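Please read the structure below before turning to the comments.
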Amino acid sequence: MEAQDRFDAIIEADQRIEADDWMPDEYRKTLIRQVAQHAHSEIIGMQPEGEWIPRAPSLRRKAILTAKVQDEAGHGLYLYGAAETLGVERADLLDLLHSRKQKYSSIFNYPAVTWADIGAIGWLVDGAAITNQVPLCRCSYGPYGRAMVRVCKEESFHQRQGYQIMLTLSEGTDAQKLMAQEALDRWWWPSIMMFGPPDTESIHNARNMAWGIKRYTNDELRQNFIDMTIPQAELLGLTMPDPDLAWNEERGHYDYGEPDWEEFMQMVRGEGEMPAQRIRIRKSAHDGGAWVREAAEAYARKQEASAA
Amino acid sequence: MTRPALLTHVLRHGDRALVLAQRLGQMVAHAPELEEDMAVANISLDLIGQARQLYAYAGELEGEGHEEDHFAYWRGVEEFLNPQLVEQPNGDFAVTIVRQFLHDVFALHHWEAMEASTDATLAALAARARKETAFHLRHSRGWVVRLGDGTDESHRRAQTAVDSLWRFTGELGPVADEAQLRADGVVPDGDVGGQWAETVRAALTEATLDISTATDMVEGGWHGRHSEYLKPLIEELQALTRAHPGAQW
Amino acid sequence: MTGSWPMWEVFVRARRGVDHVHFGSVHAADGETALQAARDLFTRRQEGVSIWVVRSSDVVASDPDDEAELFEPAEGKDYRFPTHYELPPEVDHM
C-alpha cells in the first residue's frame, strides 16, 4: 500500500496520524504552523495577564491568576512539545515568533487596561478559545489532539474564574459595575473576531477540514460562541456593545452585527506599538536567558564527562 | 500598644512569604525558559498559600475580626515585618536564584524546627510548608550549583549575586525578641542560624563560589525597618484595593 | 545548538498499582531538572505519584513501515484466548 493511500485511509476512517507515520508535506507544514502559532499565543497571552498578578486585589485572586498564567506557560509547553513531534525544534519556532515570521492570536495585542479586563479575558477570550479548542481534541494529528485534551481540561477553570470576577464586579460598587461594563465593551468584538474572517473569505478552510485539522468553520464556531455567551452576559446585567444582537426564532440562533474586519486585519498584521512590545518582552526574556541555558548545558556536560 | 510576641512572629513569616511571592510574581513571563516560568509560578503559589494561612492565623490571634486580605492590603509599609532579603529586586537570574536559595535554606530549617512547635496551628502549617520548601530548595540549590559551576559568565554573575546579597543574610536566624517563644517551645530552638550557615557553605563550595566576606550586615527587617525597595513593592500590591475601600473582589 | 536543552519524554504513574503512562515531553539540560520540570508541568492537579524521564534520543521506536510484519502475525492465533476452548458447562468456569 502506497504511503499516501495509507494516510488517506487513516483520515477517511477518522483515525489518528501519529508522529512516525508518513504524511504529505503540506499536512506537516500546515500543522507545524498551526500548532506553533497556538503555542505562541499561549505564551504571549501570559503577558497582559501576568501584568496584573502583582496588582491583584485580593490574595485569593492573586493565587488564581498566578495559577492561570502558569497553566498558559504549561499549554505553551504541551503545544511546543506536540509541534516538535513533527520534526522541528522549539528554539527554531521561538526564532520564528521573535522575527515575526510566525504569528500569535492577535487578541493578545489588546491591553489589559483594568482588573475587569482580567475578568473579561477569562470569560470571553478563554471562552472563545474553548469553543475553538474542543473540536481540536479530535484533530487528526494524534499528538496535537492529545495536547488539546489536556489544555481543554485546564481551560475550563480559566473561563469560570474570569466569569466569577465579572459576577463579583457586577454585584459590587458603582465603580466596579462601570469597570465591568467598560471591559465588556473593549473585549466583545475582539473575542468574536478570534474565530477568524467570515467563511466566505477564509482560504484554507476546505483543505484543512478534509484533513481533519479543522472540524468546524469559522462562522459555525463564532455562532456557537455567541449563542452560549449572550445568556451569560444577561445574568451579569451588562449591556452588550452590539445593538444588532437579537434572537432569531427561525434560525434558532442569535443574529449579530458585522465586526470591524479592517481593525481585525490591522491587528493580524501586527501594526502598532503593542505587538512590538509583546515581541520585545518575549525576545528579551529569551535572549536574556541565553547565558542561563548555556550554564545548565555546560554543567551537564561537565557532569557527564566526569562520570564517564 | 505592644503587639503580642506570637502575633508578631506570625506576621513576620506571613510577610516574608508574601513579599517574596510578590517578587516572583513580577517575574512570570520573563524567566529564561518556559520551564522556569512554571517553576517560579509554582514557588510563588506555595508562598502565597503560606502567607494566606499565616495571615488567617494572625487574624485569629489579633481578635479584631481581620482576615487575610487585611494584613496584605491595609497595613502600611512600615508595618511589614519581612527580612530585607526578600524585598530586594529581582535583578538578573543569578540574583533571583541566589536570593531564593539563601531564603529557602533559612525557610526549610525554620519549618523543620516548627514541625515540633507547641502551637498546634503552626506545627500543622509547618508540616505542609516544609514539603513545599524542600522542593523550592531543590530547585534553587540546583541552579546555584549550575550557575556557579557552569560557564565563566554564569560563575561571574552568581558570585556577584552572592556578594551583593550577603549583607542581608544576617537576619536569617533567630530573632532576639523571640526568646520567650523559644523558651515556651512555640518556636523550637533548632539552631536555625547554624544549620543555615552549614547548608549554604556546602552548596556554595559545590558551586565553586566564594563565601562572601561582607561585614556590613543589614538588620531591621523583622522590626519594620526596610530598604527603599519595599515601598514601591507594597504600593503596587495595594494600589487597586486601596482605590476601592470596602469593595469585594 | 548551544543553550538549547535536549528533549525528555515524560512518563507518570497516576497512583499506586497502575503503570507509568506517556504524558508528553520537556526540555532540560539534565535528568534532575527534567524531573522537576515534569513535576511542575504534569502533576499540578495531583495527576501522579511517580515520574520517569527518558532522553528522547534514547527511545527506540518501531518503524511504522514494519507494522504489518510486527503486528499482523498475531492475528488468527485464537488458541491464545480462553474463549477458544469449549468445555462442558460443569467445568466452564475455568
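Starting from 1 in every chain, residues are counted up; chains themselves are A, B, ... following the order of the C-alpha cells, and ligands are numbered from 1 as listed.
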Near chain A, 7 Å: chain B residue rows, closest pairs, only C-alpha atoms, as a Markdown table:
```
| residue | atom | partner | partner_atom | distance |
| --- | --- | --- | --- | --- |
| B:Gln22 | CA | A:Pro54 | CA | 6.0 |
| B:Gly25 | CA | A:Pro54 | CA | 6.0 |
| B:Gln26 | CA | A:Pro54 | CA | 6.2 |
| B:Val28 | CA | A:Gly50 | CA | 6.4 |
| B:Ala29 | CA | A:Met46 | CA | 6.1 |
| B:His30 | CA | A:Ala285 | CA | 4.9 |
| B:Ala31 | CA | A:Ala285 | CA | 6.0 |
| B:Pro32 | CA | A:Gly289 | CA | 3.9 |
| B:Glu33 | CA | A:His286 | CA | 6.7 |
| B:Leu34 | CA | A:Ala73 | CA | 6.3 |
| B:Asp37 | CA | A:Ala73 | CA | 6.9 |
| B:Met38 | CA | A:Gln70 | CA | 5.6 |
| B:Ala41 | CA | A:Gln70 | CA | 5.9 |
| B:Leu45 | CA | A:Ala63 | CA | 5.9 |
| B:Ile48 | CA | A:Ala63 | CA | 6.6 |
| B:Asp69 | CA | A:Ser58 | CA | 6.1 |
| B:Arg146 | CA | A:Ala296 | CA | 5.6 |
| B:Leu147 | CA | A:Ala295 | CA | 5.8 |
| B:Asp149 | CA | A:Tyr299 | CA | 6.2 |
| B:Gly150 | CA | A:Ala295 | CA | 4.3 |
| B:Thr151 | CA | A:Ala295 | CA | 5.1 |
| B:Ser154 | CA | A:Ala295 | CA | 6.1 |
| B:Glu236 | CA | A:Arg55 | CA | 5.9 |
| B:Leu237 | CA | A:Arg55 | CA | 5.0 |
| B:Gln238 | CA | A:Arg55 | CA | 6.9 |
| B:Leu240 | CA | A:Pro57 | CA | 5.9 |
| B:Thr241 | CA | A:Pro57 | CA | 5.1 |
| B:Ala247 | CA | A:Thr173 | CA | 6.5 |
| B:Gln248 | CA | A:Gly172 | CA | 6.7 |
| B:Trp249 | CA | A:Thr168 | CA | 6.1 |
```
Go through range 118-190 of chain A and flag each residue having an atom no more than 12 Å from range 25-46 of chain C; for those, report the closest pair of atoms plus their distance in Å to one decimal, using only C-alpha atoms, ordered by chain and rising number, as a tab-separated table.
```
residue	atom	partner	partner_atom	distance
A:Pro143	CA	C:Ser25	CA	10.9
A:Ala147	CA	C:Ser25	CA	10.8
A:Arg150	CA	C:Phe42	CA	9.7
A:Val151	CA	C:Phe42	CA	11.4
A:Lys153	CA	C:Arg45	CA	10.7
A:Glu154	CA	C:Arg45	CA	9.4
```
Using only C-alpha atoms, can you tell me which of C:Val18, C:Val10, C:Ser56, C:Asp63 comes closest to chain A?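 Counting only C-alpha atoms, the residue closest to chain A is C:Asp63.
Considering only C-alpha atoms, the residue among A:Ala91, A:Ala180, A:Ala82, A:Ile118 positioned nearest to Pro6 in chain C is A:Ala91.
For range 21-54 of chain A, backbone-based DSSP assignment of helix (DSSP H, G or I) covers Asp25, Glu26, Tyr27, Arg28, Lys29, Thr30, Leu31, Ile32, Arg33, Gln34, Val35, Ala36, Gln37, His38, Ala39, His40, Ser41, Glu42, Ile43, Ile44, Gly45, Met46, Gln47, Pro48, Glu49 and Gly50 of chain A.
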Chain C: which residues are strand (DSSP E or B) by DSSP, as a PyMOL selection string? chain C and resi 7-13+20-27+50-55
Exercise: Asp184 in chain B partners within 12 Å, only C-alpha atoms, chain neighbours under 2 positions left out, as a list in words: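 The residues that qualify are Ala5, Leu6, Ala116, Ser117, Thr118, Asp119, Glu178, Ala179, Gln180, Leu181, Arg182, Val186, Val187, Pro188 and Asp189 of chain B.
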Taking only C-alpha atoms into account, find every residue of chain B that has an atom no more than 8 Å from chain C, and write it out as an MDAnalysis selection string. chainID B and resid 35:36 38:39 42 139
Write out the residues from the selection above, keeping all heavy atoms, as a tab-separated table (two decimals), in the first residue's frame.
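Saved file out-v9.tsv follows:
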```
chain	number	residue	atom	x	y	z
B	35	GLU	N	10.11	26.47	31.15
B	35	GLU	CA	10.11	25.58	32.31
B	35	GLU	C	10.39	26.37	33.60
B	35	GLU	O	9.90	26.03	34.67
B	35	GLU	CB	11.14	24.45	32.14
B	35	GLU	CG	10.68	23.30	31.22
B	35	GLU	CD	10.93	23.56	29.74
B	35	GLU	OE1	11.38	24.68	29.40
B	35	GLU	OE2	10.68	22.66	28.92
B	36	GLU	N	11.16	27.44	33.47
B	36	GLU	CA	11.44	28.28	34.65
B	36	GLU	C	10.26	29.17	34.99
B	36	GLU	O	10.03	29.47	36.15
B	36	GLU	CB	12.70	29.13	34.43
B	36	GLU	CG	13.98	28.35	34.73
B	36	GLU	CD	13.95	27.66	36.09
B	36	GLU	OE1	13.77	28.36	37.11
B	36	GLU	OE2	14.10	26.42	36.12
B	38	MET	N	7.27	28.17	34.79
B	38	MET	CA	6.45	27.22	35.55
B	38	MET	C	6.96	27.11	36.98
B	38	MET	O	6.18	27.13	37.94
B	38	MET	CB	6.52	25.81	34.94
B	38	MET	CG	6.09	25.66	33.52
B	38	MET	SD	4.31	25.79	33.33
B	38	MET	CE	3.75	24.41	34.27
B	39	ALA	N	8.29	26.98	37.12
B	39	ALA	CA	8.89	26.79	38.44
B	39	ALA	C	8.66	28.01	39.32
B	39	ALA	O	8.27	27.89	40.49
B	39	ALA	CB	10.38	26.51	38.31
B	42	ASN	N	5.15	28.19	40.44
B	42	ASN	CA	4.90	27.19	41.47
B	42	ASN	C	5.35	27.68	42.84
B	42	ASN	O	4.60	27.57	43.82
B	42	ASN	CB	5.63	25.89	41.12
B	42	ASN	CG	5.62	24.91	42.27
B	42	ASN	OD1	4.58	24.40	42.65
B	42	ASN	ND2	6.78	24.65	42.87
B	139	HIS	N	15.21	23.11	43.83
B	139	HIS	CA	15.27	23.89	42.59
B	139	HIS	C	16.33	24.99	42.70
B	139	HIS	O	17.21	25.12	41.84
B	139	HIS	CB	13.89	24.48	42.31
B	139	HIS	CG	13.84	25.47	41.21
B	139	HIS	ND1	13.89	26.83	41.42
B	139	HIS	CD2	13.76	25.32	39.87
B	139	HIS	CE1	13.84	27.47	40.27
B	139	HIS	NE2	13.75	26.57	39.30
```
Spatial neighbours of Glu18 in chain A, max dist 9 Å, only C-alpha atoms, sep filter under 5 positions, as a VMD selection string: chain A and resid 85 140 to 143
Got time to write the residues from that selection, N, CA, C and O atoms, as an mmCIF file, in the first residue's frame?
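So the final result, stored in result.cif, reads:
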```cif
data_model
loop_
_atom_site.group_PDB
_atom_site.id
_atom_site.type_symbol
_atom_site.label_atom_id
_atom_site.label_comp_id
_atom_site.auth_asym_id
_atom_site.auth_seq_id
_atom_site.Cartn_x
_atom_site.Cartn_y
_atom_site.Cartn_z
ATOM 1 N N THR A 85 7.086 16.946 17.683
ATOM 2 C CA THR A 85 6.932 15.589 17.146
ATOM 3 C C THR A 85 6.875 15.616 15.627
ATOM 4 O O THR A 85 7.011 14.581 14.975
ATOM 5 N N SER A 140 -6.989 15.251 13.541
ATOM 6 C CA SER A 140 -6.472 14.002 13.001
ATOM 7 C C SER A 140 -5.037 13.715 13.465
ATOM 8 O O SER A 140 -4.607 12.564 13.484
ATOM 9 N N TYR A 141 -4.292 14.757 13.847
ATOM 10 C CA TYR A 141 -2.909 14.506 14.270
ATOM 11 C C TYR A 141 -2.878 14.208 15.765
ATOM 12 O O TYR A 141 -3.132 15.081 16.588
ATOM 13 N N GLY A 142 -2.541 12.956 16.098
ATOM 14 C CA GLY A 142 -2.617 12.453 17.467
ATOM 15 C C GLY A 142 -2.008 13.336 18.539
ATOM 16 O O GLY A 142 -2.695 13.725 19.491
ATOM 17 N N PRO A 143 -0.712 13.659 18.437
ATOM 18 C CA PRO A 143 -0.085 14.464 19.494
ATOM 19 C C PRO A 143 -0.772 15.813 19.721
ATOM 20 O O PRO A 143 -0.875 16.257 20.863
#
```
I want to know what sits within 12 Å of Gly196 in chain A, based on only C-alpha atoms, with residues of the same chain fewer than 6 positions away left out; could you give that as a tab-separated table (two decimals) with N, CA, C and O atoms, in the first residue's frame?
```tsv
chain	number	residue	atom	x	y	z
A	105	SER	N	-2.17	34.68	18.27
A	105	SER	CA	-3.51	35.23	18.16
A	105	SER	C	-3.51	36.72	18.45
A	105	SER	O	-3.05	37.16	19.50
A	106	SER	N	-4.02	37.50	17.52
A	106	SER	CA	-3.94	38.95	17.64
A	106	SER	C	-4.78	39.50	18.79
A	106	SER	O	-4.64	40.67	19.15
A	107	ILE	N	-5.60	38.65	19.40
A	107	ILE	CA	-6.37	39.10	20.56
A	107	ILE	C	-5.44	39.61	21.66
A	107	ILE	O	-5.80	40.49	22.44
A	128	ALA	N	-13.94	31.84	24.07
A	128	ALA	CA	-13.80	31.66	22.61
A	128	ALA	C	-12.76	30.59	22.32
A	128	ALA	O	-12.94	29.76	21.43
A	129	ALA	N	-11.67	30.61	23.08
A	129	ALA	CA	-10.62	29.61	22.87
A	129	ALA	C	-11.16	28.20	23.10
A	129	ALA	O	-10.86	27.28	22.35
A	132	ASN	N	-13.19	26.99	20.25
A	132	ASN	CA	-12.27	26.61	19.18
A	132	ASN	C	-11.58	25.29	19.47
A	132	ASN	O	-11.35	24.47	18.58
A	189	TRP	N	-16.00	42.58	20.75
A	189	TRP	CA	-15.72	42.44	19.33
A	189	TRP	C	-14.43	41.67	19.07
A	189	TRP	O	-14.43	40.75	18.24
A	190	PRO	N	-13.33	42.01	19.76
A	190	PRO	CA	-12.11	41.22	19.52
A	190	PRO	C	-12.33	39.73	19.77
A	190	PRO	O	-11.80	38.90	19.03
A	202	SER	N	-12.38	32.88	3.98
A	202	SER	CA	-11.35	32.07	4.63
A	202	SER	C	-10.75	31.11	3.63
A	202	SER	O	-11.44	30.25	3.10
A	203	ILE	N	-9.44	31.22	3.37
A	203	ILE	CA	-8.86	30.49	2.24
A	203	ILE	C	-8.58	29.01	2.49
A	203	ILE	O	-8.76	28.19	1.63
A	204	HIS	N	-8.16	28.66	3.70
A	204	HIS	CA	-7.68	27.29	3.89
A	204	HIS	C	-8.71	26.31	4.42
A	204	HIS	O	-8.42	25.13	4.56
A	205	ASN	N	-9.90	26.84	4.72
A	205	ASN	CA	-10.91	26.02	5.38
A	205	ASN	C	-11.11	24.63	4.78
A	205	ASN	O	-11.04	23.62	5.46
A	217	THR	N	-16.37	25.31	10.67
A	217	THR	CA	-15.95	26.55	10.01
A	217	THR	C	-15.88	27.70	11.02
A	217	THR	O	-16.42	27.61	12.12
A	218	ASN	N	-15.22	28.79	10.59
A	218	ASN	CA	-15.11	29.98	11.44
A	218	ASN	C	-16.49	30.47	11.89
A	218	ASN	O	-16.71	30.75	13.07
A	219	ASP	N	-17.40	30.60	10.95
A	219	ASP	CA	-18.73	31.14	11.29
A	219	ASP	C	-19.51	30.20	12.20
A	219	ASP	O	-20.24	30.66	13.09
A	220	GLU	N	-19.34	28.88	12.01
A	220	GLU	CA	-20.04	27.92	12.88
A	220	GLU	C	-19.56	28.09	14.31
A	220	GLU	O	-20.35	28.12	15.26
A	221	LEU	N	-18.24	28.20	14.47
A	221	LEU	CA	-17.68	28.35	15.82
A	221	LEU	C	-18.10	29.68	16.43
A	221	LEU	O	-18.45	29.77	17.60
A	222	ARG	N	-18.08	30.72	15.60
A	222	ARG	CA	-18.43	32.05	16.08
A	222	ARG	C	-19.88	32.06	16.57
A	222	ARG	O	-20.19	32.58	17.64
A	259	PRO	N	-18.65	42.68	12.50
A	259	PRO	CA	-17.43	43.19	13.17
A	259	PRO	C	-16.63	44.09	12.24
A	259	PRO	O	-16.80	44.04	11.02
A	260	ASP	N	-15.76	44.88	12.83
A	260	ASP	CA	-14.89	45.77	12.05
A	260	ASP	C	-13.69	44.97	11.56
A	260	ASP	O	-12.66	44.90	12.23
A	261	TRP	N	-13.84	44.35	10.38
A	261	TRP	CA	-12.80	43.47	9.88
A	261	TRP	C	-11.52	44.22	9.53
A	261	TRP	O	-10.44	43.63	9.51
A	264	PHE	N	-9.53	44.22	12.58
A	264	PHE	CA	-9.02	42.85	12.75
A	264	PHE	C	-7.76	42.66	11.91
A	264	PHE	O	-6.74	42.15	12.37
A	265	MET	N	-7.84	43.09	10.63
A	265	MET	CA	-6.69	42.88	9.75
A	265	MET	C	-5.48	43.68	10.23
A	265	MET	O	-4.35	43.22	10.11
A	267	MET	N	-4.81	44.34	13.31
A	267	MET	CA	-4.30	43.59	14.45
A	267	MET	C	-3.51	42.37	13.98
A	267	MET	O	-2.45	42.06	14.51
A	268	VAL	N	-4.06	41.68	12.98
A	268	VAL	CA	-3.39	40.48	12.45
A	268	VAL	C	-2.04	40.86	11.84
A	268	VAL	O	-1.05	40.14	11.98
```
Which residues are near Glu67 in chain B? Cut-off 10 Å, only C-alpha atoms, ignore same chain within fewer than 3 positions. Put them as a ChimeraX atom specification. /B:52,55-60,64,70-72
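The coordinates place CA of Asp92 in chain B at 15.6 Å from CA of Asp152 in chain B.
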For CA of Ala19 in chain A and CA of Glu84 in chain A, quote the distance in Å rounded to one decimal. 9.4 Å
For the atom pair CA of Ile230 in chain A and CA of Ser156 in chain A, what is the interatomic distance in Å to one decimal place? 17.9 Å
